[in-house]
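Q: Questions regarding the structure given below will be posed in turn.
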Amino acid sequence: MKKYLLTGLMVWLPLAITLWVLLWLVGLLDALFASVLHGVAVVTPVSSGAVLERLQHIPGLGVLLVFVVLLVTGGLVSNVAGRWWVKQWDKLFTNIPIVKSIYTSVKQVSDTLFSSSGNAFRTALLIQYPREGCWTIAFQTGTPSGELASHLGADVVSVYVPTTPNPTSGFFLVLPRKDVIELDMSVDQALTYVISMGSVAPADPAAAPVAPRS
């Protein structure tokens with residue numbers, strides 16, 4: 001009976017956690033959408049209040065709205081006029097005290113992570129951390145430049161070491177390139193390996209397939 005219970009748990013647990021995360025995300029976006037509608041209802045005529053009230057109770061409408069806004073925004077900024085408006089937007093936020101530091105930092109990180117030509121989180125690495133003889137998975141985030149490069153030299157790499165089982169927190173390190181080992185596994189495989197605390201090991205690409213018996 002214990003074996004069957006554990007087997008059933010292994011089948012349902014990933015699905016349950018996935019659904020829980022999706023429902024949480026949908027609820028969060030719906031709550032934000034409801035807040036926006038509530039603000040709109042304050043400045044609109046009373047006759048439109050009933051329509052806005054009904055929209056607030058449609059599940060998943062916030063997710064749909066976010067998807068449409070992102071899609072339309074991406075289409076608009078793909079042309080010259082759209083890029084001009086983005087530049088004006090950037091100028092506005094980079095001239096506001098306090099907001100400037102937050103907006104600039106987040107924009108630089110997002111541009112680095114989501115750029116198709118960037119190298120951030122494109123390579124899984126094996127490094128010795130937190131001491132020599134202890135190995136862990138890391139991800140290359142780039143190559144130091146500016147003052148860091150002048151102090152450390154050119155042959156160094158920036159890496160991110162995620163924590164287990166929550167890879168969204170971790171440590172930033174700058175290491176000599178000779179001290180890192182590039183892995184053949186994909187970033188998704190490496191993240192799965194970290195999140196599972198090493199219990200879900202990726203297949204070895206160098207391992208020869210076993211020939212079927214005749």
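Residue numbers start at 1 in each chain; chains themselves are named A, B, ... in the order of the structure tokens; ligands are numbered from 1 in the order shown.
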Extract the full set of strand (DSSP E or B) residues from chain A according to DSSP on the backbone, and format it as a count of residues only.
A: 29
Q: Mind running stretch 174-206 of chain A against stretch 159-169 of chain A at 10 Å and telling me each contacting residue's nearest atom pair with the distance in Å (one decimal), counting only C-alpha atoms, chain and number ascending, as a tab-separated table?
A:
residue	atom	partner	partner_atom	distance
A:Val174	CA	A:Val159	CA	6.2
A:Leu175	CA	A:Val159	CA	7.4
A:Val180	CA	A:Val159	CA	9.3
A:Leu191	CA	A:Pro167	CA	7.5
A:Thr192	CA	A:Pro165	CA	9.5
A:Tyr193	CA	A:Thr164	CA	9.5
A:Val194	CA	A:Thr164	CA	5.9
A:Ile195	CA	A:Pro165	CA	4.4
A:Ser196	CA	A:Pro165	CA	6.7
A:Met197	CA	A:Thr164	CA	6.3
A:Gly198	CA	A:Thr164	CA	9.5
Q: What is the distance between atom CA of A:Phe139 and atom CA of A:Met10, in Å to one decimal?
A: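 Here the two named atoms are 28.5 Å from each other.
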Q: Select, from A:Leu148, A:Thr123, A:Gly133, A:Gly27, the residue with the minimum atom-to-atom distance to A:Glu182, counting only C-alpha atoms.
A: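 The answer is A:Thr123, which sits nearest to A:Glu182.
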Q: Going by DSSP on the backbone, which residues of stretch 67-207 of chain A come out as alpha helix (DSSP H)? List them as a VMD selection string.
A: chain A and resid 67 to 76 80 to 93 99 to 114 147 to 152 187 to 195
Q: Closest to A:Val66 among A:Asp184, A:Val156, A:Leu32, A:Ser145, using only C-alpha atoms?
A: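 Among the listed residues, the smallest separation from A:Val66 belongs to A:Leu32.
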Q: Quick one: everything within 8 Å of A:Thr136, counting only C-alpha atoms, minus sequence neighbours fewer than 4 positions away in the same chain. Send it as number ranges by chain.
A: A: 126-129, 161
Q: Dump N, CA and C atoms for the selected residues as a PDB file, in the first residue's frame?
A:
ATOM      1  N   LEU A 126      29.622  24.084 -14.419  1.00  0.00           N
ATOM      2  CA  LEU A 126      29.957  23.346 -13.202  1.00  0.00           C
ATOM      3  C   LEU A 126      31.127  24.069 -12.550  1.00  0.00           C
ATOM      4  N   ILE A 127      30.929  24.499 -11.298  1.00  0.00           N
ATOM      5  CA  ILE A 127      31.979  25.255 -10.610  1.00  0.00           C
ATOM      6  C   ILE A 127      32.183  24.699  -9.205  1.00  0.00           C
ATOM      7  N   GLN A 128      33.298  25.060  -8.603  1.00  0.00           N
ATOM      8  CA  GLN A 128      33.570  24.692  -7.218  1.00  0.00           C
ATOM      9  C   GLN A 128      33.100  25.829  -6.313  1.00  0.00           C
ATOM     10  N   TYR A 129      32.088  25.542  -5.486  1.00  0.00           N
ATOM     11  CA  TYR A 129      31.503  26.538  -4.597  1.00  0.00           C
ATOM     12  C   TYR A 129      30.755  25.814  -3.483  1.00  0.00           C
ATOM     13  N   VAL A 161      24.844  31.495  -9.212  1.00  0.00           N
ATOM     14  CA  VAL A 161      24.697  30.210  -8.534  1.00  0.00           C
ATOM     15  C   VAL A 161      23.321  30.179  -7.871  1.00  0.00           C
TER      16      VAL A 161
END
